[in-house]
Structure formats: structure tokens, C-alpha cells
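Comments concern the structure below.
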Protein chains: 2
Amino acid sequence: MSLKRRLGIIDLGSNSVRLVIAHYTPGHAFRIVEEHSRRVRLSEGMSADHHLQPEAMDRTLATLKLFRDLCAASGVTRIIPVATAAVRDAVNRKEFLARARADAGLRFRVLTGEEEAYLGALSVVNGLGVRDGIVMEVGGGSAQVSELRRGRSKRGVTAPLGAVRLTEMFLRSDPVREDEAARLADHIARTFEGWEWMRVEAGGALVGMGGTARALARIDREARAYPLDLVNGYELELARLEPLVEKLRALPVSERVKNVPGLMADRGDIILAGAMAVAGALRRAGADRMLVSSMGVREGLLYQAFLEPGRPVIRNPREFSVLNLRRLCCPTLPDVSPAAKLALALFDELAPFHGYGKVAREQLWAAAQLLDIGAAVDYRDPYKHAAYLILSAGLPGYTHRETALVALLCLQQRGDGSPPDPAASTLENGAAKWTSRLGALLRLAAALERGRGPAIASLHAAAAGRDTLRLRVRARRGRDIRWELAEAQRAAALFEAAFDCKLLIEEM
Amino acid sequence: MSLKRRLGIIDLGSNSVRLVIAHYTPGHAFRIVEEHSRRVRLSEGMSADHHLQPEAMDRTLATLKLFRDLCAASGVTRIIPVATAAVRDAVNRKEFLARARADAGLRFRVLTGEEEAYLGALSVVNGLGVRDGIVMEVGGGSAQVSELRRGRSKRGVTAPLGAVRLTEMFLRSDPVREDEAARLADHIARTFEGWEWMRVEAGGALVGMGGTARALARIDREARAYPLDLVNGYELELARLEPLVEKLRALPVSERVKNVPGLMADRGDIILAGAMAVAGALRRAGADRMLVSSMGVREGLLYQAFLEPGRPVIRNPREFSVLNLRRLCCPTLPDVSPAAKLALALFDELAPFHGYGKVAREQLWAAAQLLDIGAAVDYRDPYKHAAYLILSAGLPGYTHRETALVALLCLQQRGDGSPPDPAASTLENGAAKWTSRLGALLRLAAALERGRGPAIASLHAAAAGRDTLRLRVRARRGRDIRWELAEAQRAAALFEAAFDCKLLIEEM
């Protein structure tokens, strides 16, 4: 079953207009298929009298028509066009909106600041699985900070901490002098003073959205040769941000792009102020890292359209992102893989022997659910392809480290069991035992449910002597599981090595 | 649109029974989704009186029932079960066939030797695009050699050159003595003597099928750290096979697996004789390499089912493999990408400037047709994913080198233009200019058709002064192509660097 609806979302900001095209079946699965961004500088020349200028409007309208055509060519049947600050603040916005309607056929909804913050928060809650914490977006003129509690946006505040504004106010020398930077740091700290609510509690996160957050993530990824091609969910540590701030300060603007890999030319001047605003926010919030969101207003609107009206929050984002990927890659498979069900049963039965908890259980489940998707690429090396699909699409709600572990568990199901460089190198040493145990457990479950049946009704594990584990399996009524038992027997050696015990497999 | 039919093909040989499950829409697209193989040793104990033994039959029937269940669980609605030599030669085959029907519900078709050769040839013609040449499969007892002319199997001969038989007859010492090997080489050469038809002409190929060919390919891939994960279409050179033969000869059987990476334990004893039979065939045929086919009878049956009855040969396998991959990855896209159409027009117009021929044109077309498929993995790095999909699935009919070039052309469309290790390292130095030119041309075509429209009706290129090229494009009637021209302008620098000239782009 292919995805039924095709939605275009157009997001018109002060600098750029962006288009996202997504295919979805409401509540079931969605996929973004295209993203376009054009720099139209709609707010150019607007600061004097708050009027959108004719040339800026013409440029913007030409791009809007183009995006409308792109939508039509891609079979989009519904477009949601929204506009933010530039249009909102313009004295002549009615004229512009009328032209957008007449010339491009687009009826823009002008978002309030609160709506913008709400949609951004919605994308964080659904797309990162963060329920509590602080969401911050550093723009050019100001920074938007909102508080998230139990999956709801509780308050949103705009602080005059935009990167362009701060650069112009404080960082006038080139290179920036130490005392200038110190005065800016002081200004940022004092701006946040008294924002008692701006605090990350245990289990919460400070989430960074928007261009500044993504640019900092890009720089940090380059600096540490980050092995994963994922931005959403990237963790930028304050301990790494601080030396970056000092490095940027000491460099003349003209030297920054050359000396800071990952830094784009159009941010060379304002990145330092942006980095300092983020560092100040982290200190204020008592957080040691910023979780980077690659999403924003557009994804918030997408989640609204995708989910039931009035229920814009995915109950379990971790579960959903696994199901979504499975549904996208293998639309004809059932939602629950028999091997995943059995892997959980095995995990639970073996709890006394491995001692792993809920988080490991969810990682195992994800790998078991996604083992099959690689066949969508090619049948000859399905586990390798499954890992590639997982690492390419990401698993929103799972951390990058978890995503790499899930991919690694899939890869381990290959005959040779060789782990992949990209995933393996994100793991600390202690993970080796973990992956070998869960990998062995997964191989056992997959072997017992190789027939796709499902074949196994229940199982029971118990110690049988000092270093032997007895696994008893009960077949589903009327089902011959001799083959499954033989397959499981072939997976036993790996299990025995991982758990350092003998394994007996018997039919009940 | 998803693939409509689900077909299971069961192939019962002397040693193994194999199952392939494929999804397809007749004549449009197909994909193999699963492959299973079980060693049942049906012919065990049969040599004495040509009777299938009761235990061997029981083992086989149990596996057949399992395969039937796997088919049912995978939604297969049609099973084609075929049997070859073991059943064909058995005195009690009627009994076995009756039990297969009664116990497993499978009505086996027993293939004649000619049918086997025909189906193998069909898989070579469709799956490698080879129209003329020699197809050889070295089995245990004998080797099957057929002649292919204009896409038809012209004759098939069985020679007593099976790897087991030759090992037992000639290679009795361990390690094998030089004179034993020399006598075997002589025996092989004399067996082929007088087979005047066993000759590869220009444009033809000697194709190796079956376990021996695949095993030799695996060893050779390991030895040269081959960068592609493809077997079908692998080229094993005689100049590399000869030293391998000498290496294997000098090693005791017990040392071979350890010292020859890629060699599986179950072939350690017979691989030398198999390698020598292949080398002898190459010399006889006057070929400098063997083209390895990973396909066989099963794929031949699949092509028969997939294609129109009576027309079992794909007219243009190169074109089809590109279309098939595009249809599988992006079932909602039209068959012809506007960018591909335009890329060909550009290529033709620029022929005086690049001088490339038909083969390069087909490679460019393939890349242009497959640029879009990466979105099926993720929208954020589509060209990287397109290259991955191409290198994972392969492009039957294109050589491995060509497949790598096509993937490289896709990768070059990324912003940074960095080439990927796996594809790049298969290329000799001279390919750099080629890829930069065709890559620039492709980027230009993709830019002009970025809107998915199609937008461009025609174009014309001509020299304008000594080092300037003028490209004039005509929009389709009523179409505004200012954006496309601006996009093309952004692609101009790459083009100018690749062709070492200035590029003017104008609307006609």
C-alpha cells in the first residue's frame, strides 16, 4: 500500500522561503520526499518603515509561483502556506497577501509568535521525543525560548539575543577582542537572569532549533569526524562549544571559514555571537549539552496534518519511528514481526542472565522490527541494507548512539558478523559485550521465527546446572517446528559465546 | 503501484534444494525478495543402483514442505517446482514425484538436460545482456557447455569435466604433484579438442555459471580487495586465474582454506580441478576472462514468467535494468525522467566537444534516470542514496565498471562533489576527465529540468568564439523557465571547469 496523500508546506520567513513535500497516510506513515529552500530576502530594506519593498515582494512571489508549480508537478493536492515575522510585521502585508493569492494561488496563514513557538515545540516533541525541557532558536534579531512540560509548550519568550543584533552591538573589532566577548557573555547572562523556569531537570533536554543550532552542529561534527550522517538528535556538548567560542573569537572573520571546517561562508560573521548565545543558554539552564533539532515550523505543521485533529502528539515517538520506517520500506509486511515479538519474550525470560533494562529492550525490539527492511534495497545482503536504511533515515526518539546500536544489531545478523565501521566507532568499549549478547539473542529469535509464521507460542528459560541454560519452546498449535529448532541450534554457538554458558534448546 | 504477483521457484538439484521468491508485475518490473538454500543431498547413496534412497527422500520432502510453508507465509500464489539430474536419473522417480505431490502439494516438472541449458542461457541473455558466446557450468560430475548465438542457445554439450570427477581421477596426491596437474591440464585440453564452435568472437563472452564460477569469483574478489559487492557480472581474468591454480596446487588441501581467503571449506578439495577446467575452457575459447553469472535455472524460469509467453528475451537488458530499478524504487514516478531526456539531448548537441560515443551515452542516461531514486531511502542526501541503491542492486547488462561510473555520476550531483571510495577505486586514472565532463553535463540537464516539468522543448549548442560555448534553450510552449535558467547558471562553473571553456546559456 503506497502513501495516499501528498502535502506541500511552504514556510515564508524573512530571509528564505522553504518548501517541504511529504507523502503520508494519516496516522499510519509519512515520508518527506523533497525539500527546497530559496533565499528571497523578503525583509530586505524593511527596517526603515516596516514596508515590504516592491522588489523583495516580486522576488518572493516569483519563487512562490515556482514552488506552487513544483507542488503541482509532484502531484501535491494540498498546500499549507504559512508566513512568519517579515509578513507579520509588515505594514503593507495585506497587499502582499492579496498578491500571493492572486498571482500564486496561495492563501497564506500568518503565524503569530506563539503559534511559531507552538509548532516548533510540536516538531521537537514528536521528532525528538523530548517531553520536558527548553527549546531555543537563535535567529538574526532575536532568540525564541520556550518551555516544554509533559509534551506541551508551556510558555514562549522572545529575548533580544539574535546573532546579527548581538554581533553588531558587541563584536565590533576584527578579530574580536577578549573584553568585547566578555561583555557579550555578561550581557547574555544578565538577559537570562531571573528566568527561573529556564532550567533543564533530570530527564529533560535543552533543544536547539534553527540555522544557528544546525551550523554549530555541522562545525562540531566536522571537528570530531562524526561517523553518522544524521543532524536531528545531534548532541553538542558545552565542553566542546566553549573552546570553539574561543577559537572563533581569536580568528578574524575573513579567516574563520578557512580555519573552521563545516562553517559556511554566509555565517562566518555571526556564528560567534550565535555560539555565545547558545553557550549562555546552556549555562543558564544547567545543561551540559544541546540536543539539535533539524526540524521546525514545517515539521510541526506536517505532524498536525499527519496526526488526528486535536491530538498532535505521538504517544510513543520511539515506537512510532520504528513502525514508520518499517511501513515505508515494507508496506506489505504486517506491523509486528514475529521475530520481534519473540525477541522480547526471550529478553524477558533471560533477564536474570543479562540484567539489561527497558532501554536495551526497546533497542532490541527496534532491531528485530527492522531486520526485514533491507530486502527493499536488495535481497542478497539484507542486514547490511537494513543498517544503511536505519542510519540514513534515523530513528527519531532514539539517540544517535542508540540508532547506531540498532543498526549494529542488524549488521550482526550477517553470516560473518563483522561490525560496520560507521556504527561501531560511535560506541564506547563497554558496548561490545552488550552488542554481542543482544545480537546473539536476536539471532536466536530470528532463527526460531525464520518461517515468518509465527511458529512459537511461548518459551521458558532456566538454569540447568552451573553453566548451562535450558531454553524450552512451545510451538503454536499444530505447527511443526523441527526446522525452526534446527535453525535455532545453528545460532546456539554465538549465544554460548556471548553468554558464556552452554545452551540447550528443547521443545516443550 | 506495488508489484502484483508473488512467485516461488523451487529448484531441486542433486545436492541442494533452492527457493527463490520474487514479486513482479508482468513485463514491467520484478524483484527477488528472498532466497533460501538447504543442502538435502538427495542423490546420496544413489550411485549404486540409481535409486533415490528413503532417507534422502524424507530429508528432501521435509525441506520441500518447509519451502511450501515459507511460500504460503510470504503470500506466494504460484509455485514453479523443477527438478534436475538426481530426479531425472532416478529409477524410482515416479514414487518420489508422487510423494512430493501428496505430501508437499508440489507438482514437479523434471527438466531435461537441454531445458536446463536453455534456462541457464536465458538467465545469461537477460541477466548479463550477453547475446553471443559460451556458457559453462562446472558441476561435480560433468560440465555443461552451451553455445549462445544472437540471444539463443544454439547447442549444449555435456563434458565429463566435473570438479569431483576430475579430482578423483587426476589429483590424488596431497599436495598435488606438478605432473598430476600437468596431466589433468592435458586431459582437459584434449577433451575440448575438436570443439571448433567453442570460441568467443569479438563482442562475445565466456560466461561461467554455478558454484565453481561463483567460488572462483569470491576468491579473486578477496585477493584484489574488490570494492563492489556484486557477483553477477564479475570478470575473472585468465591472467589472475593461472597463478591461483598454481597456488592451489602447491597447497595441501588442509591448508587451502586458511591460505586462500574467500575459499569455503566445502570446496577446499575440488576447487583446484574446477579452476583448471575453467582455465582450460578460457584457453579453448580464446577468451582472456570469464564473466561470472550469479543466476541460473531459477532466474531463467523467473524471466519466462515475467516476460510475455513466447518472447522470453528482454530486447534491451541495459535499458530494462535501469527502468526496473527506477520502477522498484519510485513506483509513482513516470518511466522517463525529463532530466534524462534532456541529458541525452545535451550529450548529442555537445558531441563535437566531447567526442564520447554510444556507450558513454547509455551510462549518462542510466545516471540521469536513477538520480531520483535515492529519495526512497531519505530526502536529505538523495544522490548518495541513489549511488548506494545502484551499487547494491547492480545494473544487469552494464559491466561493474560501468555500474560504478553510473553511481559516481549520481554522487557527483551532491553539492560537494566528493567521489565515493568504493566506486572511484574501480576506475582507472583516465576516467577522471570522463566523469567530470559527464557529471557536469548531467548537473546542467538536472538543473534545467529541476522543476520536474518538463520545461525544455529543445536546445542547441554551438561554439561562439575560440573558447566559448553558447547553449540556447527553448522553453516548452507557455512555460516560464527563468528559474530553470538561473539553476543552470549555477551549474555553469562546473561545466566550464570540465570542458575548459566559457559557457553562455540563453533562452531561444
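Following the order of the C-alpha cells, first chain is A, next is B, and so on, with residues numbered from 1 inside each chain and ligands from 1 in the order they appear.
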Could you list, as number ranges by chain, every residue within 9 Å of A:Ala205, counting only C-alpha atoms and ignoring same-chain residues fewer than 2 positions away? A: 130-135, 200-203, 207, 287, 289-291
I need the chosen residues saved as a PDB file, in the first residue's frame, with N, CA, C and O atoms.
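Writing done, so here's result.pdb:
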ATOM      1  N   VAL A 130      11.339  14.492  22.899  1.00  0.00           N
ATOM      2  CA  VAL A 130      11.604  15.236  24.137  1.00  0.00           C
ATOM      3  C   VAL A 130      10.278  15.749  24.686  1.00  0.00           C
ATOM      4  O   VAL A 130       9.506  16.388  23.980  1.00  0.00           O
ATOM      5  N   ARG A 131      10.019  15.448  25.959  1.00  0.00           N
ATOM      6  CA  ARG A 131       8.757  15.848  26.563  1.00  0.00           C
ATOM      7  C   ARG A 131       8.913  17.074  27.458  1.00  0.00           C
ATOM      8  O   ARG A 131       7.989  17.848  27.652  1.00  0.00           O
ATOM      9  N   ASP A 132      10.091  17.192  28.072  1.00  0.00           N
ATOM     10  CA  ASP A 132      10.322  18.263  29.034  1.00  0.00           C
ATOM     11  C   ASP A 132      11.642  18.944  28.735  1.00  0.00           C
ATOM     12  O   ASP A 132      12.624  18.287  28.410  1.00  0.00           O
ATOM     13  N   GLY A 133      11.646  20.265  28.916  1.00  0.00           N
ATOM     14  CA  GLY A 133      12.906  20.973  28.742  1.00  0.00           C
ATOM     15  C   GLY A 133      12.702  22.350  28.136  1.00  0.00           C
ATOM     16  O   GLY A 133      11.631  22.949  28.248  1.00  0.00           O
ATOM     17  N   ILE A 134      13.742  22.798  27.488  1.00  0.00           N
ATOM     18  CA  ILE A 134      13.786  24.136  26.914  1.00  0.00           C
ATOM     19  C   ILE A 134      14.069  24.011  25.426  1.00  0.00           C
ATOM     20  O   ILE A 134      14.948  23.240  25.031  1.00  0.00           O
ATOM     21  N   VAL A 135      13.319  24.761  24.622  1.00  0.00           N
ATOM     22  CA  VAL A 135      13.582  24.799  23.194  1.00  0.00           C
ATOM     23  C   VAL A 135      14.032  26.204  22.848  1.00  0.00           C
ATOM     24  O   VAL A 135      13.393  27.175  23.235  1.00  0.00           O
ATOM     25  N   VAL A 200      16.817  22.919  32.913  1.00  0.00           N
ATOM     26  CA  VAL A 200      16.595  21.545  32.446  1.00  0.00           C
ATOM     27  C   VAL A 200      16.687  20.609  33.635  1.00  0.00           C
ATOM     28  O   VAL A 200      17.704  20.555  34.321  1.00  0.00           O
ATOM     29  N   GLU A 201      15.604  19.891  33.912  1.00  0.00           N
ATOM     30  CA  GLU A 201      15.597  18.939  35.027  1.00  0.00           C
ATOM     31  C   GLU A 201      16.044  17.567  34.497  1.00  0.00           C
ATOM     32  O   GLU A 201      16.161  17.357  33.296  1.00  0.00           O
ATOM     33  N   ALA A 202      16.263  16.656  35.415  1.00  0.00           N
ATOM     34  CA  ALA A 202      16.633  15.290  35.021  1.00  0.00           C
ATOM     35  C   ALA A 202      15.583  14.739  34.058  1.00  0.00           C
ATOM     36  O   ALA A 202      14.379  14.906  34.277  1.00  0.00           O
ATOM     37  N   GLY A 203      16.038  14.114  32.999  1.00  0.00           N
ATOM     38  CA  GLY A 203      15.108  13.557  32.008  1.00  0.00           C
ATOM     39  C   GLY A 203      14.690  14.566  30.962  1.00  0.00           C
ATOM     40  O   GLY A 203      14.006  14.223  29.995  1.00  0.00           O
ATOM     41  N   VAL A 207      16.921  21.909  23.803  1.00  0.00           N
ATOM     42  CA  VAL A 207      16.893  21.608  22.378  1.00  0.00           C
ATOM     43  C   VAL A 207      17.182  22.874  21.590  1.00  0.00           C
ATOM     44  O   VAL A 207      16.579  23.916  21.847  1.00  0.00           O
ATOM     45  N   ALA A 287      22.445  22.803  31.715  1.00  0.00           N
ATOM     46  CA  ALA A 287      22.536  21.626  30.838  1.00  0.00           C
ATOM     47  C   ALA A 287      23.965  21.503  30.331  1.00  0.00           C
ATOM     48  O   ALA A 287      24.636  22.499  30.107  1.00  0.00           O
ATOM     49  N   ARG A 289      24.706  19.890  27.498  1.00  0.00           N
ATOM     50  CA  ARG A 289      24.711  19.708  26.044  1.00  0.00           C
ATOM     51  C   ARG A 289      23.424  20.243  25.424  1.00  0.00           C
ATOM     52  O   ARG A 289      22.395  20.320  26.091  1.00  0.00           O
ATOM     53  N   MET A 290      23.518  20.586  24.169  1.00  0.00           N
ATOM     54  CA  MET A 290      22.334  20.979  23.423  1.00  0.00           C
ATOM     55  C   MET A 290      21.970  19.840  22.487  1.00  0.00           C
ATOM     56  O   MET A 290      22.831  19.287  21.783  1.00  0.00           O
ATOM     57  N   LEU A 291      20.708  19.481  22.477  1.00  0.00           N
ATOM     58  CA  LEU A 291      20.213  18.471  21.551  1.00  0.00           C
ATOM     59  C   LEU A 291      19.730  19.226  20.315  1.00  0.00           C
ATOM     60  O   LEU A 291      18.857  20.091  20.410  1.00  0.00           O
TER      61      LEU A 291
END
For chain A, work out the contacting residues on chain B at 7 Å, counting only C-alpha atoms, and write them as number ranges by chain. B: 32-34, 70, 73, 375, 377-379, 389, 392-393, 451-453
Using only C-alpha atoms, determine which residues lie at most 7 Å from stretch 102-108 of chain A, disregarding the query and same-chain residues fewer than 3 positions distant; provide the list as a PyMOL selection string. chain A and resi 64-65+68+81-83+97-99
Write out as an MDAnalysis selection string which residues come within 9 Å of A:Gly397 when counting only C-alpha atoms, dropping same-chain ones fewer than 5 positions away. chainID A and resid 125:130 233 316:321
Export N, CA and C atoms of the chosen residues as a PDB file, in the first residue's frame?
ATOM      1  N   VAL A 125       8.746  17.652  20.161  1.00  0.00           N
ATOM      2  CA  VAL A 125       8.080  16.604  20.946  1.00  0.00           C
ATOM      3  C   VAL A 125       7.917  15.339  20.105  1.00  0.00           C
ATOM      4  N   ASN A 126       7.487  15.517  18.861  1.00  0.00           N
ATOM      5  CA  ASN A 126       7.258  14.351  18.005  1.00  0.00           C
ATOM      6  C   ASN A 126       8.526  13.851  17.325  1.00  0.00           C
ATOM      7  N   GLY A 127       9.409  14.770  16.999  1.00  0.00           N
ATOM      8  CA  GLY A 127      10.552  14.407  16.160  1.00  0.00           C
ATOM      9  C   GLY A 127      11.819  14.100  16.945  1.00  0.00           C
ATOM     10  N   LEU A 128      11.827  14.429  18.219  1.00  0.00           N
ATOM     11  CA  LEU A 128      12.965  14.037  19.061  1.00  0.00           C
ATOM     12  C   LEU A 128      12.489  13.237  20.270  1.00  0.00           C
ATOM     13  N   GLY A 129      11.203  13.232  20.481  1.00  0.00           N
ATOM     14  CA  GLY A 129      10.679  12.521  21.641  1.00  0.00           C
ATOM     15  C   GLY A 129      10.996  13.211  22.960  1.00  0.00           C
ATOM     16  N   VAL A 130      11.339  14.492  22.899  1.00  0.00           N
ATOM     17  CA  VAL A 130      11.604  15.236  24.137  1.00  0.00           C
ATOM     18  C   VAL A 130      10.278  15.749  24.686  1.00  0.00           C
ATOM     19  N   GLY A 233      18.871  15.278  16.431  1.00  0.00           N
ATOM     20  CA  GLY A 233      19.279  14.469  17.573  1.00  0.00           C
ATOM     21  C   GLY A 233      20.766  14.558  17.878  1.00  0.00           C
ATOM     22  N   ASN A 316       3.981   7.538  21.532  1.00  0.00           N
ATOM     23  CA  ASN A 316       5.292   6.924  21.757  1.00  0.00           C
ATOM     24  C   ASN A 316       6.172   7.137  20.523  1.00  0.00           C
ATOM     25  N   PRO A 317       6.932   8.229  20.507  1.00  0.00           N
ATOM     26  CA  PRO A 317       7.711   8.541  19.296  1.00  0.00           C
ATOM     27  C   PRO A 317       8.744   7.474  18.949  1.00  0.00           C
ATOM     28  N   ARG A 318       9.322   6.827  19.953  1.00  0.00           N
ATOM     29  CA  ARG A 318      10.321   5.781  19.672  1.00  0.00           C
ATOM     30  C   ARG A 318       9.657   4.618  18.931  1.00  0.00           C
ATOM     31  N   GLU A 319       8.546   4.179  19.458  1.00  0.00           N
ATOM     32  CA  GLU A 319       7.836   3.099  18.793  1.00  0.00           C
ATOM     33  C   GLU A 319       7.410   3.527  17.388  1.00  0.00           C
ATOM     34  N   PHE A 320       6.906   4.761  17.294  1.00  0.00           N
ATOM     35  CA  PHE A 320       6.407   5.207  16.001  1.00  0.00           C
ATOM     36  C   PHE A 320       7.499   5.273  14.949  1.00  0.00           C
ATOM     37  N   SER A 321       8.697   5.747  15.333  1.00  0.00           N
ATOM     38  CA  SER A 321       9.696   5.909  14.279  1.00  0.00           C
ATOM     39  C   SER A 321      10.148   4.563  13.728  1.00  0.00           C
TER      40      SER A 321
END
Report as a PyMOL selection string: the residues of stretch 115-223 of chain A with a DSSP assignment of helix (DSSP H, G or I), based on the backbone of this structure. chain A and resi 115-127+163-170+178-192+210-223
Closest of B:Leu301, B:Val406, B:Ala475, B:Ile505 to B:Leu438 - atom-to-atom distances counting only C-alpha atoms: B:Val406
Excluding A:Arg88 and any residue of its chain fewer than 4 positions from it, enumerate the residues within 8 Å of it, using only C-alpha atoms, and give them as a ChimeraX atom specification. /A:83-84,93,110-112
Prev. selection, C-alpha atoms, output as a PDB file, in the first residue's frame:
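Output below, filename result_4.pdb:
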ATOM      1  CA  ALA A  83       4.328  33.203   6.805  1.00  0.00           C
ATOM      2  CA  THR A  84       6.245  34.422   9.838  1.00  0.00           C
ATOM      3  CA  ARG A  93       1.114  42.822   4.462  1.00  0.00           C
ATOM      4  CA  VAL A 110       0.284  34.429   9.054  1.00  0.00           C
ATOM      5  CA  LEU A 111       1.544  32.750  12.196  1.00  0.00           C
ATOM      6  CA  THR A 112       1.743  34.615  15.490  1.00  0.00           C
TER       7      THR A 112
END
Nearest to B:Gln412 among B:Pro396, B:Gly211, B:Gly310, B:Gly439, with distances taken over only C-alpha atoms: which residue is it? B:Gly439
Residues near B:Asp467, anyone? I mean within 9 Å using only C-alpha atoms, not counting same-chain ones fewer than 6 positions away, as a short mmCIF file (atom, residue, chain, number, x, y, z; two decimals) with C-alpha atoms, in the first residue's frame.
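This is the output file result.cif:
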data_model
loop_
_atom_site.label_atom_id
_atom_site.label_comp_id
_atom_site.auth_asym_id
_atom_site.auth_seq_id
_atom_site.Cartn_x
_atom_site.Cartn_y
_atom_site.Cartn_z
CA ASP B 500 37.72 24.16 -20.20
CA CYS B 501 35.65 26.83 -21.91
CA LYS B 502 33.21 29.59 -21.09
CA LEU B 503 29.52 28.68 -21.17
#
Neighbour list for A:Ala239 as number ranges by chain, cut-off 12 Å, only C-alpha atoms, skip fewer than 2 positions in-chain: A: 220, 235-237, 241-246, 279, 282-283, 287-290
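Of the residues in stretch 270-318 of chain A, those that DSSP places in strand (DSSP E) on the basis of the backbone are Arg289, Met290, Leu291 and Val292 of chain A.
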Atoms kept (all heavy atoms) for selection, written as a CSV table (one decimal), in the first residue's frame:
chain,number,residue,atom,x,y,z
A,289,ARG,N,24.7,19.9,27.5
A,289,ARG,CA,24.7,19.7,26.0
A,289,ARG,C,23.4,20.2,25.4
A,289,ARG,O,22.4,20.3,26.1
A,289,ARG,CB,24.9,18.2,25.7
A,289,ARG,CG,23.7,17.3,26.1
A,289,ARG,CD,24.1,15.9,26.0
A,289,ARG,NE,25.2,15.6,26.9
A,289,ARG,CZ,26.1,14.6,26.7
A,289,ARG,NH1,25.9,13.8,25.7
A,289,ARG,NH2,27.1,14.4,27.6
A,290,MET,N,23.5,20.6,24.2
A,290,MET,CA,22.3,21.0,23.4
A,290,MET,C,22.0,19.8,22.5
A,290,MET,O,22.8,19.3,21.8
A,290,MET,CB,22.6,22.2,22.6
A,290,MET,CG,21.5,22.6,21.6
A,290,MET,SD,21.8,24.2,20.8
A,290,MET,CE,23.1,23.7,19.6
A,291,LEU,N,20.7,19.5,22.5
A,291,LEU,CA,20.2,18.5,21.6
A,291,LEU,C,19.7,19.2,20.3
A,291,LEU,O,18.9,20.1,20.4
A,291,LEU,CB,19.1,17.7,22.2
A,291,LEU,CG,18.6,16.4,21.6
A,291,LEU,CD1,19.7,15.4,21.6
A,291,LEU,CD2,17.5,15.8,22.5
A,292,VAL,N,20.3,18.9,19.2
A,292,VAL,CA,20.0,19.7,18.0
A,292,VAL,C,18.8,19.1,17.3
A,292,VAL,O,18.7,17.9,17.0
A,292,VAL,CB,21.2,19.7,17.0
A,292,VAL,CG1,20.8,20.5,15.7
A,292,VAL,CG2,22.4,20.4,17.7
